[in-house]
Amino acid sequence: MTRDRTSFSFEQRFGISAAIVVALACVSWSLPIAAKYPLSWKWPLDQLLTMWLKFLVAQISFITRGIAHILQMPLDFAIGLLAKGFEIPLGSETVTIPPLSWAGVCATFVWIGYRVGGTRLALLQAACSAYIVLFWQWHAAMLTLASVLVCVPVAVACGLLIGVFAYSRPKLNQWVLTPGLDIMQTVPAFAYLIPTLLLFGFGPVAAMIATVIFATPPMARVTTLALNQTPMEIRELGKMVGCTERQTIWRILLPSSLPSLLVGLNQTVMMTLNMVIVASMIGAGGLGFDVLRALRQLDIDRGFESGVAIVLLAVMLDRQGVALANAAKPGAASSKTLAAMFGVPLAFLIVATLLGTQFDWLREFPKALRLSTGATLNDAVSWININYFDAIEAFRIFVLTHFMTPIKVALTSAPWLFVSGVVTVFAYFVGGARMAFLSAFVFAFCLVTGLWDKAMITIYLCLSATVISVVIGIPIAVLAARFDPLYRATTVAIEVLQTLPSFVYLIPVVMLFRVGDFAALLAIVAFAITPIIKFTMTALRTVPADLVEAGKSMGCSGAQMDFFIRFPVALPSILLGINQALLFALAMVVITALVGTRDLGQEVYIALTAANPGRGLVAGLCLALLGILIDRLFQAGVARLQHRKSSQSFVHGELAAA
Amino acid sequence: MAAPQPSAFPRSRITDHLMVSEMKKDLRNTSENSVKLSCLNIWKLYGPHPDRLTGKEQLLAASRDPHTFTALRDVSLNVRRGEIFVVMGLSGSGKSTLLRCLTRLVEPTFGEVLLDGVNMMSLSAKDLMEIRRHKMAMVFQNFALLPHLTVAENIGLPLRIRGESGGKIESTVSELTALVGLSGMSKRLPHQLSGGQQQRVGLARALTGDPEFLLLDEPFSALDPLIRRELQGELIRLQSRLHKTMIFVTHDFNEAVRIGDRIVIMKDGKVVQSGTPEEIVAEPADDYVGSFVAGVDRTRVITCGRIAAPATAHSYSFTVDAQSKVADVAEAIASAKGAVGVLDGGALKGEIDAGAVLRMVSAVRLAGFNV
């Protein structure tokens with residue numbers, strides 16, 4: 001139907017587009033203004049924003065600081081409970097209440113793990129806790145956990161409310177909320193750390209608010225999706241028993257989609273952990289701060305120890321969450337088992353903490369038993385660098401000169417008019433006028449804010465990392481889909497990799513390849529490859545059995561089976577995986593600013609260190625817009641491909657009928 | 001009443017079908033034939049046009065738009081108090097849309113729905129909610145049980161939504177659980193039940209609010225044939241006690257004939273034929289209806305009265321009731337020597353012999369509806 005509205009045929013459109021591209025090329029390379037955007041044309045949006053923000057802060061900071069004060073209380077409580085203990089002044093002396101004993105907290109993890117996931121989960125929790133305790137990460141891990149525990153309920157509540165609101169107002173959702181959530185998720189957290197700092201003051205609360213902003217969108221999306229996916233009949237049931245709108249949502253729809261909501265909760269926990277790590281830079285403390293400090297001091301061993309602790313904490317929370325979500329499927333737990341689940345650990349905590357007042361080893365893990373990697377890794381890395389420096393360096397330089405630099409030069413030196421024009425024409429080609437408008441708007445924004453060069457570097461890093469991820473990821477996925485042992489191993493690896501906060505990826509690459517674009521590229525590839533492998537592998541494995549049987553009965557060979565049956569069926573999921581990889585890459589590009597890339601992430605990071613809120617926000621918005629453009633363009637392209645396919649087959653069908 | 005003679009029907013051989021027809025007969029006698037629900041000239045169009053159209057010209061113009069899909073075309077029907085009114089049609093015939101228009105789950109583009117004389121179309125959202133809470137209930141094809149609630153909680157849901165007190169809910173629920181034969185299962189969750197049991201919960205839930213009017217949207221279509229048959233019997237048993245007004249949507253003509261007091265057959269959003277099962281089976285309006293009728297065991301639908309020939313004697317040693325289905329008295333006719341008399345309300349109406357029965361059976365083929 002959409003095709004009927006456009007007056008041009010496919011061939012005409014193609015011709016017009018080609019003509020425009022040629023014209024653009026001629027203009028771009030003959031007009032100097034079209035090649036390099038004049039600095040004097042820059043619109044000082046960042047300065048304006050800074051001014052507005054400062055004005056806003058001056059007006060409402062007493063409110064926001066008040067809020068900060070209120071939020072500080074649960075946070076202080078959680079930190080006191082888990083990490084620092086409480087000091088209560090009573091007259092002349094102070095009574096000190098110690099934090100929960102490490103033994104009690106570990107026992108709680110193991111017990112809940114056992115209740116919801118059996119012996120295997122209990123063992124996993126025990127092993128992870130043991131590492132954190134033995135390697136002296138306990139205090140930092142509990143600081144991080146305290147932030148997570150306070151942020152998650154807030155993010156979940158906000159997410160639920162926004163999700164329900166979006167469900168009940170579909171128009172508003174389409175035009176305001178979805179783009180809003182997109183921006184919340186794609187604007188790098190660094191960018192709104194500064195305004196948050198200004199409004200809420202330096203410290204854990206600002207970090208907490210930034211975390212909530214970051215972790216809310218997935219919960220909101222899952223909620224809306226879950227509500228929309230409840231069977232039509234259930235919604236009709238709500239109406240037919242005479243529910244009010246509110247009753248329908250809160251008593252019928254939300255409870256019946258509990259399993260999906262719990263998946264959302266788990267995602268929120270993981271996002272929160274991810275963000276808490278990043279936000280530790282603005283004073284939340286915890287594991288992230290330790291890693292950052294170690295990175296700055298190039299203390300590889302300390303960085304590695306803390307990094308592993310982050311990974312293990314993430315794995316603990318994730319496995320626990322997944323097991324909980326599975327356990328909450330209808331009929332798995334009754335109120336009695338719930339009492340056992342929470343009553344017993346409570347007893348553990350209280351007893352262990354009380355005993356801790358008598359026995360020091362229960363209050364704090366004995367120093368004598370602590371482990372450390374010492375300087376082993378430092379030495380190992382030095383050894384590698386001394387013995388294999390040439391090989392590594394040769395590889396690095398090869399990739400840089402033959403792959404990365406050419407793309408970089410091509411993108412950054414190409415005239416802006418040409419680049420933006422070509423992409424906009426392409427956008428019109430795949431998505432019509434609306435997509436073209438979006439594309440033009442995004443490029444115009446990059447230009448007038450003077451961020452063109454950095455935007456191009458961002459795109460270059462993002463695209464080249466995605467290309468490499470596809471080249472490496474798809475063969476791995478194909479092999480993994482074919483061979484069962486490899487499939488199981490890959491599944492576990494992907495699950496672990498996905499739980500890692502993006503920050504962690506920087507540690508090994510910096511150890512081996514020092515700072516710079518190459519190290520950044522590797523970190524981005526490592527981060528972005530997971531969705532590609534996961535989506536491709538799953539899609540290939542879940543091709544419907546009857547299709548596979550149909551292929552077999554036709555006598556397909558293994559390769560024919562892949563070519564005629566598995567790939568065509570799996571293609572939409574594979575493309576979705578690539579789309580995800582693009583967005584993952586963009587998110588990671590921002591983080592790689594920490595290892596010295598010169599992209600938009602760096603701009604944000606500079607703004608953060610210079611406490612310049614406008615500059616950071618503009619660069620952040622720029623990144624978000626690029627992300628949205630890439631995402632929409634990709635989706636439109638895929639839809640276009642499939643539409644053409646289906647309309648062709650439709651035409652064939654009609655001809656056959658005639 | 002001169003029912004088929006007891007000697008010809010030992011108690012043990014009475015089929016459930018016989019009980020069914022007996023019950024239906026009772027019902028016909030007891031129901032006052034007043035109209036419970038009527039819908040007048042319902043149209044439903046999907047496409048680029050206003051939500052509600054007011055004139056015939058507008059309707060015709062809109063339905064000619066190539067982007068418009070006409071789901072219902074000028075449907076009018078009357079549902080009488082206490083009857084099971086079956087809407088039968090293939091998928092896409094508009095039967096489910098019709099059901100939803102009657103409850104305003106889908107807003108009709110044109111037409112009126114009168115429930116007990118009240119125009120449903122003019123109700124405010126609040127009044128509509130009240131009517132749904134107290135007067136009507138729906139049973140769904142895929143049961144629509146809430147996965148997180150137990151059987152008892154699912155059944156009690158309409159009362160909880162209404163805001164009734166706990167004690168009342170508890171007593172109603174235990175009564176209904178027993179009524180649909182699920183005693184002892186009230187603590188189970190839906191996924192622990194078989195399909196048939198789940199739909200029993202669905203039925204019980206629909207009865208919870210004691211509505212006068214039940215809407216059943218292909219309630220048994222998702223079930224195995226044997227379970228489907230069992231639940232059809234169950235529904236008829238319930239109806240013989242409860243005397244609700246029901247609209248029953250199905251795509252299974254045999255089910256329609258078995259359950260329905262009256263049937264409408266729909267095709268492409270229009271009513272093709274309406275009448276009692278016997279009227280439709282005996283005189284299908286067109287080939288479309290005929291193709292359904294061809295698959296039906298006519299002896300279980302056609303009554304003796306309909307195939308009776310004029311009486312040739314003044315008294316018969318065997319008599320059958322004019323309302324009896326042929327299948328129910330076939331054995332009596334076969335074992336009688338010659339013709340048996342047909343009595344209608346005690347008066348002699350005519351006679352039947354084995355030949356008349358066989359002719360009726362073979363008419364299936366003679367009429368050319370053998371598909």
# chains A, B, ... in the order shown; residues from 1 in each chain; ligands from 1
$ closest_atom_pairs --of "chain B" --to "chain A" --cutoff "10 Å" --atoms "only C-alpha atoms" --output "Markdown table"
| residue | atom | partner | partner_atom | distance |
| --- | --- | --- | --- | --- |
| B:His67 | CA | A:Met1 | CA | 9.0 |
| B:Arg100 | CA | A:Glu236 | CA | 9.3 |
| B:Thr103 | CA | A:Met240 | CA | 8.1 |
| B:Arg104 | CA | A:Met240 | CA | 9.6 |
| B:Leu105 | CA | A:Glu236 | CA | 7.0 |
| B:Val106 | CA | A:Glu236 | CA | 9.9 |
| B:Ala125 | CA | A:Thr244 | CA | 9.5 |
| B:Lys126 | CA | A:Thr244 | CA | 8.7 |
| B:Asp127 | CA | A:Gly242 | CA | 9.9 |
| B:Leu128 | CA | A:Gly242 | CA | 8.0 |
| B:Met129 | CA | A:Gly242 | CA | 4.7 |
| B:Glu130 | CA | A:Gly242 | CA | 6.5 |
| B:Ile131 | CA | A:Gly242 | CA | 7.7 |
| B:Arg132 | CA | A:Gly242 | CA | 5.1 |
| B:Arg133 | CA | A:Gly242 | CA | 4.6 |
| B:His134 | CA | A:Gly242 | CA | 8.3 |
| B:Lys135 | CA | A:Val241 | CA | 9.8 |
| B:Met136 | CA | A:Met240 | CA | 7.5 |
| B:Ala137 | CA | A:Met240 | CA | 6.1 |
| B:Met138 | CA | A:Met240 | CA | 6.6 |
| B:Val139 | CA | A:Leu237 | CA | 8.5 |
| B:Phe140 | CA | A:Glu233 | CA | 6.7 |
| B:Gln141 | CA | A:Glu233 | CA | 8.3 |
| B:Asn142 | CA | A:Glu233 | CA | 7.5 |
| B:Phe143 | CA | A:Glu233 | CA | 8.0 |
| B:Ala144 | CA | A:Ile234 | CA | 5.1 |
| B:Leu145 | CA | A:Ile234 | CA | 7.4 |
| B:Leu146 | CA | A:Ser256 | CA | 5.8 |
| B:Pro147 | CA | A:Ser256 | CA | 5.8 |
| B:His148 | CA | A:Pro330 | CA | 5.5 |
| B:Leu149 | CA | A:Pro330 | CA | 8.3 |
| B:Thr150 | CA | A:Gly331 | CA | 8.9 |
| B:Leu157 | CA | A:Val241 | CA | 8.1 |
| B:Pro158 | CA | A:Val241 | CA | 5.3 |
| B:Leu159 | CA | A:Val241 | CA | 8.6 |
| B:Arg160 | CA | A:Val241 | CA | 9.7 |
| B:Ile161 | CA | A:Cys243 | CA | 6.3 |
| B:Arg162 | CA | A:Gly242 | CA | 7.6 |
| B:Arg188 | CA | A:Gly331 | CA | 8.2 |
| B:Leu189 | CA | A:Gly331 | CA | 6.4 |
| B:Pro190 | CA | A:Pro330 | CA | 8.7 |
| B:His191 | CA | A:Pro330 | CA | 7.8 |
| B:Gln192 | CA | A:Gly331 | CA | 8.4 |
| B:Arg205 | CA | A:Val241 | CA | 9.5 |
| B:Ala206 | CA | A:Val241 | CA | 8.6 |
| B:Thr208 | CA | A:Val241 | CA | 10.0 |
| B:Gly209 | CA | A:Val241 | CA | 8.6 |
| B:Leu215 | CA | A:Met240 | CA | 9.9 |
$ residues_around --residues "Val278 of chain A" --least-positions-apart "3" --cutoff "9 Å" --atoms "only C-alpha atoms" --output "ChimeraX atom specification"
/A:189-190,207,211,273-275,281-282,288-289,501-503,591
$ residues_around --residues "segment 28-38 of chain A" --least-positions-apart "4" --cutoff "8 Å" --atoms "only C-alpha atoms" --output "PyMOL selection string"
chain A and resi 24+42+414-418+447
$ write_last_selection --atoms "C-alpha atoms" --output "compact mmCIF listing (two decimals), in the first residue's frame"
# COMPACT_ATOMS: atom_id res chain seq x y z
CA LEU A 24 26.58 16.13 -5.35
CA LYS A 42 29.17 26.94 13.87
CA ALA A 414 35.41 13.47 2.17
CA PRO A 415 33.39 16.69 1.66
CA TRP A 416 30.55 16.94 4.18
CA LEU A 417 28.05 17.80 1.50
CA PHE A 418 28.88 14.64 -0.38
CA LEU A 447 27.68 20.00 11.19
$ select_by_dssp --residues "segment 27-148 of chain B" --states "alpha helix (DSSP H)" --output "ChimeraX atom specification"
/B:27-30,56-64,95-102,125-134
$ write_last_selection --atoms "N, CA and C atoms" --output "PDB file, in the first residue's frame"
ATOM      1  N   LEU B  27     -36.933 -27.294  27.483  1.00  0.00           N
ATOM      2  CA  LEU B  27     -36.563 -25.896  27.470  1.00  0.00           C
ATOM      3  C   LEU B  27     -37.490 -25.098  26.593  1.00  0.00           C
ATOM      4  N   ARG B  28     -37.772 -25.669  25.436  1.00  0.00           N
ATOM      5  CA  ARG B  28     -38.630 -24.945  24.507  1.00  0.00           C
ATOM      6  C   ARG B  28     -39.985 -24.706  25.126  1.00  0.00           C
ATOM      7  N   ASN B  29     -40.401 -25.692  25.913  1.00  0.00           N
ATOM      8  CA  ASN B  29     -41.721 -25.535  26.499  1.00  0.00           C
ATOM      9  C   ASN B  29     -41.731 -24.480  27.591  1.00  0.00           C
ATOM     10  N   THR B  30     -40.639 -24.393  28.349  1.00  0.00           N
ATOM     11  CA  THR B  30     -40.669 -23.491  29.497  1.00  0.00           C
ATOM     12  C   THR B  30     -40.310 -22.055  29.131  1.00  0.00           C
ATOM     13  N   LYS B  56     -27.100   4.904   4.805  1.00  0.00           N
ATOM     14  CA  LYS B  56     -26.905   3.812   3.857  1.00  0.00           C
ATOM     15  C   LYS B  56     -25.915   4.202   2.759  1.00  0.00           C
ATOM     16  N   GLU B  57     -26.072   5.463   2.260  1.00  0.00           N
ATOM     17  CA  GLU B  57     -25.221   5.880   1.141  1.00  0.00           C
ATOM     18  C   GLU B  57     -23.759   5.872   1.579  1.00  0.00           C
ATOM     19  N   GLN B  58     -23.528   6.426   2.774  1.00  0.00           N
ATOM     20  CA  GLN B  58     -22.170   6.450   3.310  1.00  0.00           C
ATOM     21  C   GLN B  58     -21.593   5.042   3.402  1.00  0.00           C
ATOM     22  N   LEU B  59     -22.432   4.122   3.918  1.00  0.00           N
ATOM     23  CA  LEU B  59     -21.987   2.738   4.103  1.00  0.00           C
ATOM     24  C   LEU B  59     -21.589   2.116   2.782  1.00  0.00           C
ATOM     25  N   LEU B  60     -22.495   2.295   1.792  1.00  0.00           N
ATOM     26  CA  LEU B  60     -22.228   1.649   0.510  1.00  0.00           C
ATOM     27  C   LEU B  60     -20.984   2.248  -0.124  1.00  0.00           C
ATOM     28  N   ALA B  61     -20.852   3.575  -0.009  1.00  0.00           N
ATOM     29  CA  ALA B  61     -19.677   4.223  -0.589  1.00  0.00           C
ATOM     30  C   ALA B  61     -18.408   3.709   0.089  1.00  0.00           C
ATOM     31  N   ALA B  62     -18.448   3.647   1.432  1.00  0.00           N
ATOM     32  CA  ALA B  62     -17.254   3.215   2.165  1.00  0.00           C
ATOM     33  C   ALA B  62     -16.913   1.770   1.844  1.00  0.00           C
ATOM     34  N   SER B  63     -17.942   0.915   1.718  1.00  0.00           N
ATOM     35  CA  SER B  63     -17.656  -0.507   1.509  1.00  0.00           C
ATOM     36  C   SER B  63     -17.125  -0.763   0.108  1.00  0.00           C
ATOM     37  N   ARG B  64     -17.296   0.215  -0.791  1.00  0.00           N
ATOM     38  CA  ARG B  64     -16.766   0.022  -2.143  1.00  0.00           C
ATOM     39  C   ARG B  64     -15.302   0.444  -2.243  1.00  0.00           C
ATOM     40  N   LYS B  95     -18.258 -14.258  12.005  1.00  0.00           N
ATOM     41  CA  LYS B  95     -19.021 -14.658  13.186  1.00  0.00           C
ATOM     42  C   LYS B  95     -18.430 -14.136  14.488  1.00  0.00           C
ATOM     43  N   SER B  96     -17.098 -14.180  14.602  1.00  0.00           N
ATOM     44  CA  SER B  96     -16.490 -13.670  15.843  1.00  0.00           C
ATOM     45  C   SER B  96     -16.608 -12.156  15.935  1.00  0.00           C
ATOM     46  N   THR B  97     -16.503 -11.493  14.775  1.00  0.00           N
ATOM     47  CA  THR B  97     -16.682 -10.039  14.774  1.00  0.00           C
ATOM     48  C   THR B  97     -18.099  -9.691  15.228  1.00  0.00           C
ATOM     49  N   LEU B  98     -19.064 -10.467  14.757  1.00  0.00           N
ATOM     50  CA  LEU B  98     -20.454 -10.225  15.160  1.00  0.00           C
ATOM     51  C   LEU B  98     -20.585 -10.333  16.674  1.00  0.00           C
ATOM     52  N   LEU B  99     -20.011 -11.411  17.219  1.00  0.00           N
ATOM     53  CA  LEU B  99     -20.090 -11.614  18.666  1.00  0.00           C
ATOM     54  C   LEU B  99     -19.501 -10.408  19.402  1.00  0.00           C
ATOM     55  N   ARG B 100     -18.374  -9.909  18.887  1.00  0.00           N
ATOM     56  CA  ARG B 100     -17.712  -8.793  19.560  1.00  0.00           C
ATOM     57  C   ARG B 100     -18.457  -7.487  19.373  1.00  0.00           C
ATOM     58  N   CYS B 101     -19.185  -7.365  18.268  1.00  0.00           N
ATOM     59  CA  CYS B 101     -19.997  -6.165  18.082  1.00  0.00           C
ATOM     60  C   CYS B 101     -21.166  -6.161  19.069  1.00  0.00           C
ATOM     61  N   LEU B 102     -21.701  -7.348  19.362  1.00  0.00           N
ATOM     62  CA  LEU B 102     -22.829  -7.414  20.277  1.00  0.00           C
ATOM     63  C   LEU B 102     -22.448  -6.958  21.674  1.00  0.00           C
ATOM     64  N   ALA B 125     -19.344   4.638  28.772  1.00  0.00           N
ATOM     65  CA  ALA B 125     -18.338   3.627  29.105  1.00  0.00           C
ATOM     66  C   ALA B 125     -18.638   3.023  30.480  1.00  0.00           C
ATOM     67  N   LYS B 126     -19.111   3.860  31.390  1.00  0.00           N
ATOM     68  CA  LYS B 126     -19.349   3.384  32.744  1.00  0.00           C
ATOM     69  C   LYS B 126     -20.540   2.415  32.786  1.00  0.00           C
ATOM     70  N   ASP B 127     -21.625   2.799  32.085  1.00  0.00           N
ATOM     71  CA  ASP B 127     -22.793   1.913  32.049  1.00  0.00           C
ATOM     72  C   ASP B 127     -22.456   0.595  31.377  1.00  0.00           C
ATOM     73  N   LEU B 128     -21.660   0.704  30.306  1.00  0.00           N
ATOM     74  CA  LEU B 128     -21.255  -0.503  29.593  1.00  0.00           C
ATOM     75  C   LEU B 128     -20.489  -1.421  30.538  1.00  0.00           C
ATOM     76  N   MET B 129     -19.620  -0.817  31.349  1.00  0.00           N
ATOM     77  CA  MET B 129     -18.835  -1.602  32.307  1.00  0.00           C
ATOM     78  C   MET B 129     -19.767  -2.292  33.293  1.00  0.00           C
ATOM     79  N   GLU B 130     -20.776  -1.565  33.747  1.00  0.00           N
ATOM     80  CA  GLU B 130     -21.722  -2.154  34.705  1.00  0.00           C
ATOM     81  C   GLU B 130     -22.461  -3.327  34.076  1.00  0.00           C
ATOM     82  N   ILE B 131     -22.893  -3.138  32.820  1.00  0.00           N
ATOM     83  CA  ILE B 131     -23.613  -4.221  32.133  1.00  0.00           C
ATOM     84  C   ILE B 131     -22.715  -5.437  31.990  1.00  0.00           C
ATOM     85  N   ARG B 132     -21.450  -5.192  31.640  1.00  0.00           N
ATOM     86  CA  ARG B 132     -20.535  -6.323  31.488  1.00  0.00           C
ATOM     87  C   ARG B 132     -20.293  -7.003  32.832  1.00  0.00           C
ATOM     88  N   ARG B 133     -20.283  -6.234  33.898  1.00  0.00           N
ATOM     89  CA  ARG B 133     -20.042  -6.830  35.207  1.00  0.00           C
ATOM     90  C   ARG B 133     -21.204  -7.681  35.666  1.00  0.00           C
ATOM     91  N   HIS B 134     -22.426  -7.286  35.302  1.00  0.00           N
ATOM     92  CA  HIS B 134     -23.584  -7.943  35.905  1.00  0.00           C
ATOM     93  C   HIS B 134     -24.419  -8.764  34.949  1.00  0.00           C
TER      94      HIS B 134
END
$ residues_around --residues "Ala336 of chain B" --least-positions-apart "6" --cutoff "10 Å" --atoms "only C-alpha atoms" --output "NGL selection string"
:B and (8 or 317-319 or 330 or 353-354)
$ decode --residues "segment 204-220 of chain B" --atoms "N, CA and C atoms" --output "PDB file, in the first residue's frame"
ATOM      1  N   ALA B 204     -17.070 -22.002  34.200  1.00  0.00           N
ATOM      2  CA  ALA B 204     -17.420 -21.647  35.571  1.00  0.00           C
ATOM      3  C   ALA B 204     -17.221 -20.161  35.798  1.00  0.00           C
ATOM      4  N   ARG B 205     -16.119 -19.633  35.271  1.00  0.00           N
ATOM      5  CA  ARG B 205     -15.845 -18.215  35.460  1.00  0.00           C
ATOM      6  C   ARG B 205     -16.936 -17.359  34.807  1.00  0.00           C
ATOM      7  N   ALA B 206     -17.394 -17.827  33.638  1.00  0.00           N
ATOM      8  CA  ALA B 206     -18.439 -17.055  32.968  1.00  0.00           C
ATOM      9  C   ALA B 206     -19.726 -17.060  33.783  1.00  0.00           C
ATOM     10  N   LEU B 207     -19.927 -18.138  34.572  1.00  0.00           N
ATOM     11  CA  LEU B 207     -21.176 -18.222  35.338  1.00  0.00           C
ATOM     12  C   LEU B 207     -21.068 -17.513  36.683  1.00  0.00           C
ATOM     13  N   THR B 208     -19.846 -17.139  37.080  1.00  0.00           N
ATOM     14  CA  THR B 208     -19.624 -16.606  38.421  1.00  0.00           C
ATOM     15  C   THR B 208     -20.506 -15.416  38.752  1.00  0.00           C
ATOM     16  N   GLY B 209     -20.579 -14.471  37.829  1.00  0.00           N
ATOM     17  CA  GLY B 209     -21.333 -13.264  38.127  1.00  0.00           C
ATOM     18  C   GLY B 209     -22.835 -13.458  37.971  1.00  0.00           C
ATOM     19  N   ASP B 210     -23.282 -14.692  37.759  1.00  0.00           N
ATOM     20  CA  ASP B 210     -24.671 -15.014  37.488  1.00  0.00           C
ATOM     21  C   ASP B 210     -25.258 -14.126  36.389  1.00  0.00           C
ATOM     22  N   PRO B 211     -24.601 -14.095  35.229  1.00  0.00           N
ATOM     23  CA  PRO B 211     -25.110 -13.250  34.146  1.00  0.00           C
ATOM     24  C   PRO B 211     -26.309 -13.915  33.486  1.00  0.00           C
ATOM     25  N   GLU B 212     -27.166 -13.092  32.855  1.00  0.00           N
ATOM     26  CA  GLU B 212     -28.309 -13.682  32.164  1.00  0.00           C
ATOM     27  C   GLU B 212     -27.904 -14.107  30.766  1.00  0.00           C
ATOM     28  N   PHE B 213     -26.764 -13.597  30.339  1.00  0.00           N
ATOM     29  CA  PHE B 213     -26.458 -13.665  28.931  1.00  0.00           C
ATOM     30  C   PHE B 213     -25.012 -14.128  28.763  1.00  0.00           C
ATOM     31  N   LEU B 214     -24.831 -15.276  28.093  1.00  0.00           N
ATOM     32  CA  LEU B 214     -23.481 -15.818  27.915  1.00  0.00           C
ATOM     33  C   LEU B 214     -23.082 -15.752  26.446  1.00  0.00           C
ATOM     34  N   LEU B 215     -21.835 -15.368  26.214  1.00  0.00           N
ATOM     35  CA  LEU B 215     -21.322 -15.367  24.853  1.00  0.00           C
ATOM     36  C   LEU B 215     -20.191 -16.375  24.795  1.00  0.00           C
ATOM     37  N   LEU B 216     -20.311 -17.339  23.897  1.00  0.00           N
ATOM     38  CA  LEU B 216     -19.287 -18.370  23.813  1.00  0.00           C
ATOM     39  C   LEU B 216     -18.636 -18.299  22.441  1.00  0.00           C
ATOM     40  N   ASP B 217     -17.352 -17.945  22.423  1.00  0.00           N
ATOM     41  CA  ASP B 217     -16.641 -17.750  21.163  1.00  0.00           C
ATOM     42  C   ASP B 217     -15.852 -19.011  20.830  1.00  0.00           C
ATOM     43  N   GLU B 218     -16.420 -19.833  19.990  1.00  0.00           N
ATOM     44  CA  GLU B 218     -15.809 -21.126  19.641  1.00  0.00           C
ATOM     45  C   GLU B 218     -15.224 -21.823  20.864  1.00  0.00           C
ATOM     46  N   PRO B 219     -16.001 -22.022  21.907  1.00  0.00           N
ATOM     47  CA  PRO B 219     -15.418 -22.458  23.180  1.00  0.00           C
ATOM     48  C   PRO B 219     -14.764 -23.834  23.111  1.00  0.00           C
ATOM     49  N   PHE B 220     -15.230 -24.687  22.206  1.00  0.00           N
ATOM     50  CA  PHE B 220     -14.717 -26.062  22.215  1.00  0.00           C
ATOM     51  C   PHE B 220     -13.814 -26.348  21.014  1.00  0.00           C
TER      52      PHE B 220
END
